[in-house]
$ cat start27.pdb   # PDB, C-alpha atoms and all ligand atoms
ATOM      1  CA  MET O 727     128.594 125.896 152.815  1.00  0.00           C
ATOM      2  CA  THR O 728     126.777 125.885 149.508  1.00  0.00           C
ATOM      3  CA  THR O 729     124.885 122.746 148.611  1.00  0.00           C
ATOM      4  CA  ARG O 730     123.744 121.629 145.190  1.00  0.00           C
ATOM      5  CA  SER O 731     120.073 122.199 146.028  1.00  0.00           C
ATOM      6  CA  SER O 732     120.582 125.751 147.267  1.00  0.00           C
ATOM      7  CA  ARG O 733     122.464 126.660 144.058  1.00  0.00           C
ATOM      8  CA  ARG O 734     119.601 125.280 142.008  1.00  0.00           C
ATOM      9  CA  ALA O 735     117.127 127.239 144.119  1.00  0.00           C
ATOM     10  CA  ARG O 736     118.995 130.494 143.446  1.00  0.00           C
ATOM     11  CA  ALA O 737     119.124 129.733 139.720  1.00  0.00           C
ATOM     12  CA  ARG O 738     115.383 129.244 139.752  1.00  0.00           C
ATOM     13  CA  GLU O 739     114.849 132.680 141.248  1.00  0.00           C
ATOM     14  CA  GLY O 740     116.807 134.285 138.378  1.00  0.00           C
ATOM     15  CA  ALA O 741     115.175 132.167 135.687  1.00  0.00           C
ATOM     16  CA  PRO O 742     112.481 133.691 133.476  1.00  0.00           C
ATOM     17  CA  GLN O 743     108.921 133.048 134.525  1.00  0.00           C
ATOM     18  CA  PRO O 744     107.199 130.177 132.708  1.00  0.00           C
ATOM     19  CA  VAL O 745     105.460 131.357 129.525  1.00  0.00           C
ATOM     20  CA  ALA O 746     101.714 131.769 129.808  1.00  0.00           C
ATOM     21  CA  PRO O 747      99.840 128.830 128.211  1.00  0.00           C
ATOM     22  CA  THR O 748      98.223 131.017 125.501  1.00  0.00           C
ATOM     23  CA  THR O 749     101.593 132.405 124.359  1.00  0.00           C
ATOM     24  CA  SER O 750     103.149 128.954 124.138  1.00  0.00           C
ATOM     25  CA  ARG O 751     100.160 127.688 122.146  1.00  0.00           C
ATOM     26  CA  LEU O 752     100.576 130.590 119.706  1.00  0.00           C
ATOM     27  CA  ARG O 753     104.282 129.792 119.367  1.00  0.00           C
ATOM     28  CA  LEU O 754     103.474 126.145 118.699  1.00  0.00           C
ATOM     29  CA  GLY O 755     100.982 127.192 116.007  1.00  0.00           C
ATOM     30  CA  ALA O 756     103.509 129.475 114.317  1.00  0.00           C
ATOM     31  CA  PHE O 757     106.117 126.711 114.421  1.00  0.00           C
ATOM     32  CA  GLY O 758     103.617 124.305 112.828  1.00  0.00           C
ATOM     33  CA  ILE O 759     102.944 126.731 109.974  1.00  0.00           C
ATOM     34  CA  VAL O 760     106.677 127.141 109.330  1.00  0.00           C
ATOM     35  CA  VAL O 761     107.179 123.362 109.273  1.00  0.00           C
ATOM     36  CA  VAL O 762     104.307 122.877 106.799  1.00  0.00           C
ATOM     37  CA  ALA O 763     105.632 125.682 104.566  1.00  0.00           C
ATOM     38  CA  VAL O 764     109.149 124.215 104.512  1.00  0.00           C
ATOM     39  CA  LEU O 765     107.797 120.743 103.696  1.00  0.00           C
ATOM     40  CA  ALA O 766     105.608 122.166 100.905  1.00  0.00           C
ATOM     41  CA  VAL O 767     108.547 123.973  99.298  1.00  0.00           C
ATOM     42  CA  GLY O 768     110.677 120.832  99.589  1.00  0.00           C
ATOM     43  CA  ALA O 769     107.969 118.666  98.024  1.00  0.00           C
ATOM     44  CA  TYR O 770     107.551 121.138  95.162  1.00  0.00           C
ATOM     45  CA  LEU O 771     111.312 121.165  94.479  1.00  0.00           C
ATOM     46  CA  ALA O 772     111.444 117.379  94.587  1.00  0.00           C
ATOM     47  CA  PHE O 773     108.332 116.557  92.554  1.00  0.00           C
ATOM     48  CA  GLY O 774     107.450 119.761  90.659  1.00  0.00           C
ATOM     49  CA  ASP O 775     109.210 118.469  87.554  1.00  0.00           C
ATOM     50  CA  PHE O 776     107.015 115.382  87.506  1.00  0.00           C
ATOM     51  CA  LEU O 777     103.855 117.411  88.046  1.00  0.00           C
ATOM     52  CA  GLY O 778     104.631 119.546  85.002  1.00  0.00           C
ATOM     53  CA  ARG O 779     105.287 116.529  82.867  1.00  0.00           C
ATOM     54  CA  GLY O 780     102.161 114.651  83.857  1.00  0.00           C
ATOM     55  CA  GLY O 781     102.059 111.417  85.743  1.00  0.00           C
ATOM     56  CA  ALA O 782     103.164 108.063  84.443  1.00  0.00           C
ATOM     57  CA  VAL O 783     100.476 105.999  82.769  1.00  0.00           C
ATOM     58  CA  LEU O 784      99.514 102.983  84.848  1.00  0.00           C
ATOM     59  CA  GLY O 785     100.723  99.714  83.343  1.00  0.00           C
ATOM     60  CA  ALA O 786     102.538 101.481  80.520  1.00  0.00           C
ATOM     61  CA  THR O 787     106.167 101.126  79.503  1.00  0.00           C
ATOM     62  CA  GLU O 788     107.873 104.470  79.934  1.00  0.00           C
ATOM     63  CA  VAL O 789     110.122 105.484  77.032  1.00  0.00           C
ATOM     64  CA  GLN O 790     112.080 108.711  76.731  1.00  0.00           C
ATOM     65  CA  SER O 791     113.352 110.083  73.439  1.00  0.00           C
ATOM     66  CA  SER O 792     116.365 112.358  73.548  1.00  0.00           C
ATOM     67  CA  MET O 793     119.588 113.173  71.743  1.00  0.00           C
ATOM     68  CA  ALA O 794     120.879 109.950  73.339  1.00  0.00           C
ATOM     69  CA  GLY O 795     118.222 107.924  71.524  1.00  0.00           C
ATOM     70  CA  PHE O 796     115.584 105.823  73.264  1.00  0.00           C
ATOM     71  CA  THR O 797     115.716 105.297  77.028  1.00  0.00           C
ATOM     72  CA  PRO O 798     115.494 102.440  77.754  1.00  0.00           C
ATOM     73  CA  SER O 799     117.114 101.322  74.506  1.00  0.00           C
ATOM     74  CA  VAL O 800     115.424  97.928  74.743  1.00  0.00           C
ATOM     75  CA  ILE O 801     111.615  97.841  74.881  1.00  0.00           C
ATOM     76  CA  HIS O 802     109.831  94.631  75.837  1.00  0.00           C
ATOM     77  CA  VAL O 803     106.349  93.850  74.523  1.00  0.00           C
ATOM     78  CA  THR O 804     104.188  90.750  74.189  1.00  0.00           C
ATOM     79  CA  ALA O 805     103.244  89.223  70.828  1.00  0.00           C
ATOM     80  CA  GLY O 806      99.616  89.619  69.801  1.00  0.00           C
ATOM     81  CA  GLN O 807      98.805  91.970  72.673  1.00  0.00           C
ATOM     82  CA  THR O 808      98.159  95.667  73.002  1.00  0.00           C
ATOM     83  CA  ALA O 809     101.240  97.498  74.250  1.00  0.00           C
ATOM     84  CA  THR O 810     100.953 100.872  75.943  1.00  0.00           C
ATOM     85  CA  LEU O 811     103.947 103.165  75.790  1.00  0.00           C
ATOM     86  CA  ASP O 812     104.191 106.267  77.960  1.00  0.00           C
ATOM     87  CA  TRP O 813     106.423 108.251  75.615  1.00  0.00           C
ATOM     88  CA  TRP O 814     107.971 111.604  76.494  1.00  0.00           C
ATOM     89  CA  THR O 815     110.719 114.061  75.633  1.00  0.00           C
ATOM     90  CA  ASP O 816     112.296 117.159  77.143  1.00  0.00           C
ATOM     91  CA  ASP O 817     113.833 118.257  73.825  1.00  0.00           C
ATOM     92  CA  SER O 818     112.848 121.585  72.290  1.00  0.00           C
ATOM     93  CA  ALA O 819     111.604 121.843  68.701  1.00  0.00           C
ATOM     94  CA  MET O 820     114.738 123.577  67.427  1.00  0.00           C
ATOM     95  CA  HIS O 821     116.735 120.326  67.735  1.00  0.00           C
ATOM     96  CA  LEU O 822     114.145 118.236  65.909  1.00  0.00           C
ATOM     97  CA  GLU O 823     113.217 117.956  62.250  1.00  0.00           C
ATOM     98  CA  ASP O 824     109.585 119.110  61.921  1.00  0.00           C
ATOM     99  CA  GLY O 825     109.643 119.615  65.723  1.00  0.00           C
ATOM    100  CA  VAL O 826     109.088 115.947  66.495  1.00  0.00           C
ATOM    101  CA  HIS O 827     110.821 112.756  67.531  1.00  0.00           C
ATOM    102  CA  THR O 828     109.686 109.631  65.729  1.00  0.00           C
ATOM    103  CA  MET O 829     109.468 105.945  66.641  1.00  0.00           C
ATOM    104  CA  ILE O 830     109.604 103.840  63.511  1.00  0.00           C
ATOM    105  CA  SER O 831     109.735 100.085  63.083  1.00  0.00           C
ATOM    106  CA  PRO O 832     108.474  99.104  59.609  1.00  0.00           C
ATOM    107  CA  GLU O 833     108.625  95.383  60.431  1.00  0.00           C
ATOM    108  CA  LEU O 834     106.286  95.934  63.379  1.00  0.00           C
ATOM    109  CA  GLY O 835     103.957  98.430  61.739  1.00  0.00           C
ATOM    110  CA  LEU O 836     105.029 101.140  64.167  1.00  0.00           C
ATOM    111  CA  ASP O 837     105.273 104.738  62.940  1.00  0.00           C
ATOM    112  CA  GLU O 838     104.585 107.356  65.599  1.00  0.00           C
ATOM    113  CA  THR O 839     105.525 110.989  66.223  1.00  0.00           C
ATOM    114  CA  LEU O 840     106.074 112.880  69.475  1.00  0.00           C
ATOM    115  CA  PRO O 841     105.994 116.696  69.513  1.00  0.00           C
ATOM    116  CA  ALA O 842     108.837 118.566  71.250  1.00  0.00           C
ATOM    117  CA  GLU O 843     108.604 118.865  75.042  1.00  0.00           C
ATOM    118  CA  SER O 844     105.589 116.620  75.349  1.00  0.00           C
ATOM    119  CA  ARG O 845     104.318 113.314  76.611  1.00  0.00           C
ATOM    120  CA  ARG O 846     101.828 111.002  74.952  1.00  0.00           C
ATOM    121  CA  THR O 847     100.489 107.504  75.225  1.00  0.00           C
ATOM    122  CA  VAL O 848     101.027 105.176  72.298  1.00  0.00           C
ATOM    123  CA  THR O 849      98.592 102.280  72.156  1.00  0.00           C
ATOM    124  CA  TRP O 850      99.867  99.716  69.732  1.00  0.00           C
ATOM    125  CA  GLN O 851      98.643  96.319  68.630  1.00  0.00           C
ATOM    126  CA  VAL O 852     101.827  94.235  68.637  1.00  0.00           C
ATOM    127  CA  PRO O 853     101.980  91.753  65.714  1.00  0.00           C
ATOM    128  CA  ASP O 854     101.951  88.078  66.665  1.00  0.00           C
ATOM    129  CA  ARG O 855     105.541  87.660  65.537  1.00  0.00           C
ATOM    130  CA  PRO O 856     107.944  87.081  68.437  1.00  0.00           C
ATOM    131  CA  GLY O 857     111.490  88.205  67.812  1.00  0.00           C
ATOM    132  CA  THR O 858     113.950  91.065  68.082  1.00  0.00           C
ATOM    133  CA  TYR O 859     113.276  94.131  65.956  1.00  0.00           C
ATOM    134  CA  ASP O 860     114.896  97.446  65.203  1.00  0.00           C
ATOM    135  CA  VAL O 861     113.223 100.760  66.062  1.00  0.00           C
ATOM    136  CA  TYR O 862     114.606 104.176  65.172  1.00  0.00           C
ATOM    137  CA  CYS O 863     114.006 107.909  65.213  1.00  0.00           C
ATOM    138  CA  ASP O 864     114.397 109.609  61.866  1.00  0.00           C
ATOM    139  CA  THR O 865     114.033 113.256  62.842  1.00  0.00           C
ATOM    140  CA  CYS O 866     117.104 114.082  64.911  1.00  0.00           C
ATOM    141  CA  CYS O 867     120.854 113.603  65.231  1.00  0.00           C
ATOM    142  CA  GLY O 868     121.352 111.980  61.843  1.00  0.00           C
ATOM    143  CA  GLY O 869     118.192 109.886  62.132  1.00  0.00           C
ATOM    144  CA  LYS O 870     118.216 106.376  60.725  1.00  0.00           C
ATOM    145  CA  ASP O 871     121.881 106.684  59.695  1.00  0.00           C
ATOM    146  CA  SER O 872     122.968 107.319  63.284  1.00  0.00           C
ATOM    147  CA  PRO O 873     123.438 104.194  65.439  1.00  0.00           C
ATOM    148  CA  THR O 874     122.490 106.311  68.486  1.00  0.00           C
ATOM    149  CA  MET O 875     118.982 106.807  67.138  1.00  0.00           C
ATOM    150  CA  HIS O 876     118.254 103.081  67.062  1.00  0.00           C
ATOM    151  CA  GLY O 877     116.682 100.990  69.772  1.00  0.00           C
ATOM    152  CA  THR O 878     115.509  97.414  70.060  1.00  0.00           C
ATOM    153  CA  ILE O 879     112.019  96.066  70.494  1.00  0.00           C
ATOM    154  CA  ILE O 880     111.818  92.518  71.783  1.00  0.00           C
ATOM    155  CA  VAL O 881     108.493  90.867  71.042  1.00  0.00           C
ATOM    156  CA  HIS O 882     108.070  88.086  73.575  1.00  0.00           C
ATOM    157  CA  ALA O 883     106.002  84.999  72.778  1.00  0.00           C
TER     158      ALA O 883
HETATM  159 CU    CU S 901     114.569 111.763  67.756  1.00  0.00          CU
END

$ encode --input "start27.pdb" --output "structure tokens"
Amino acid sequence: MTTRSSRRARAREGAPQPVAPTTSRLRLGAFGIVVVAVLAVGAYLAFGDFLGRGGAVLGATEVQSSMAGFTPSVIHVTAGQTATLDWWTDDSAMHLEDGVHTMISPELGLDETLPAESRRTVTWQVPDRPGTYDVYCDTCCGGKDSPTMHGTIIVHA
């Protein structure tokens, strides 16, 4: 009669010998290297785009210019204070007049340019005039005449 324990004992005889400690440590090391490499590639794929573009500016309002206009289309600032805009675009020069996007708001004394495929910080002294103002780009997609190229700046009291 065959019992459970005797079957297990026979299986043990046929089983491979336990791996020597040094070999298993080497295997563990190789596995660790593979894991780190996979994580590094994943991190690069996930964040590489941001690295190339430069990091966001601390405390700044991020604004993107594109063929869709300003993103976000409404920019909030505070009257009488210095506003910092972290302004960027992915667009190539061939789509832009003079190779730049612009951010123009005559009522607010704002007239800035952003070269193609770049990112820059705009530091701007916001007038002490709370209200809702128009801002536009005049160097792409029909410029000032195109509703798409207009955004809104809300100057909060
Ligand atoms: Cu533009």

$ resolve_selection --input "start27.pdb" --expression "the PyMOL selection byres (((chain O and resi 840) around 6) and not hetatm)" --output "list in words"
Val826, His827, Thr839 and Pro841 of chain O

$ closest_residue --input "start27.pdb" --among "O:Val852, O:Leu834, O:Ile880, O:Met793" --to "ligand CU 901 (chain S)" --atoms "all atoms listed in the file"
O:Met793

$ closest_atom_pairs --input "start27.pdb" --of "chain O" --to "ligand CU 901 (chain S)" --cutoff "10 Å" --atoms "all atoms listed in the file" --output "CSV"
residue,atom,partner,partner_atom,distance
O:Gln790,CA,S:CU901,CU,9.8
O:Ser791,CA,S:CU901,CU,6.0
O:Ser792,CA,S:CU901,CU,6.1
O:Met793,CA,S:CU901,CU,6.6
O:Ala794,CA,S:CU901,CU,8.6
O:Gly795,CA,S:CU901,CU,6.5
O:Phe796,CA,S:CU901,CU,8.2
O:Thr815,CA,S:CU901,CU,9.1
O:Asp817,CA,S:CU901,CU,8.9
O:His821,CA,S:CU901,CU,8.8
O:Leu822,CA,S:CU901,CU,6.7
O:Glu823,CA,S:CU901,CU,8.4
O:Gly825,CA,S:CU901,CU,9.5
O:Val826,CA,S:CU901,CU,7.0
O:His827,CA,S:CU901,CU,3.9
O:Thr828,CA,S:CU901,CU,5.7
O:Met829,CA,S:CU901,CU,7.8
O:Thr839,CA,S:CU901,CU,9.2
O:Leu840,CA,S:CU901,CU,8.7
O:Ala842,CA,S:CU901,CU,9.6
O:Tyr862,CA,S:CU901,CU,8.0
O:Cys863,CA,S:CU901,CU,4.7
O:Asp864,CA,S:CU901,CU,6.3
O:Thr865,CA,S:CU901,CU,5.2
O:Cys866,CA,S:CU901,CU,4.5
O:Cys867,CA,S:CU901,CU,7.0
O:Gly868,CA,S:CU901,CU,9.0
O:Gly869,CA,S:CU901,CU,6.9
O:Lys870,CA,S:CU901,CU,9.6
O:Thr874,CA,S:CU901,CU,9.6
O:Met875,CA,S:CU901,CU,6.7
O:His876,CA,S:CU901,CU,9.5

$ residues_around --input "start27.pdb" --residues "Gln851 in chain O" --least-positions-apart "2" --cutoff "12 Å" --atoms "all atoms listed in the file" --output "list of chain:residue names"
O:Val803, O:Thr804, O:Ala805, O:Gly806, O:Gln807, O:Thr808, O:Ala809, O:Thr810, O:Leu811, O:Leu834, O:Gly835, O:Leu836, O:Val848, O:Thr849, O:Pro853, O:Asp854, O:Arg855, O:Val881

$ atom_distance --input "start27.pdb" --atom1 "CA of Glu788 in chain O" --atom2 "CA of Ile801 in chain O"
9.1 Å

$ atom_distance --input "start27.pdb" --atom1 "CA of Trp814 in chain O" --atom2 "CA of Pro832 in chain O"
21.0 Å

$ atom_distance --input "start27.pdb" --atom1 "CA of Met820 in chain O" --atom2 "CA of Arg846 in chain O"
19.5 Å

$ closest_residue --input "start27.pdb" --among "O:Thr858, O:Thr787, O:Ser844, O:Ser750" --to "Asp816 in chain O" --atoms "all atoms listed in the file"
O:Ser844

$ closest_residue --input "start27.pdb" --among "O:Leu784, O:Ala756, O:Ser799, O:Trp850" --to "Pro873 in chain O" --atoms "all atoms listed in the file"
O:Ser799
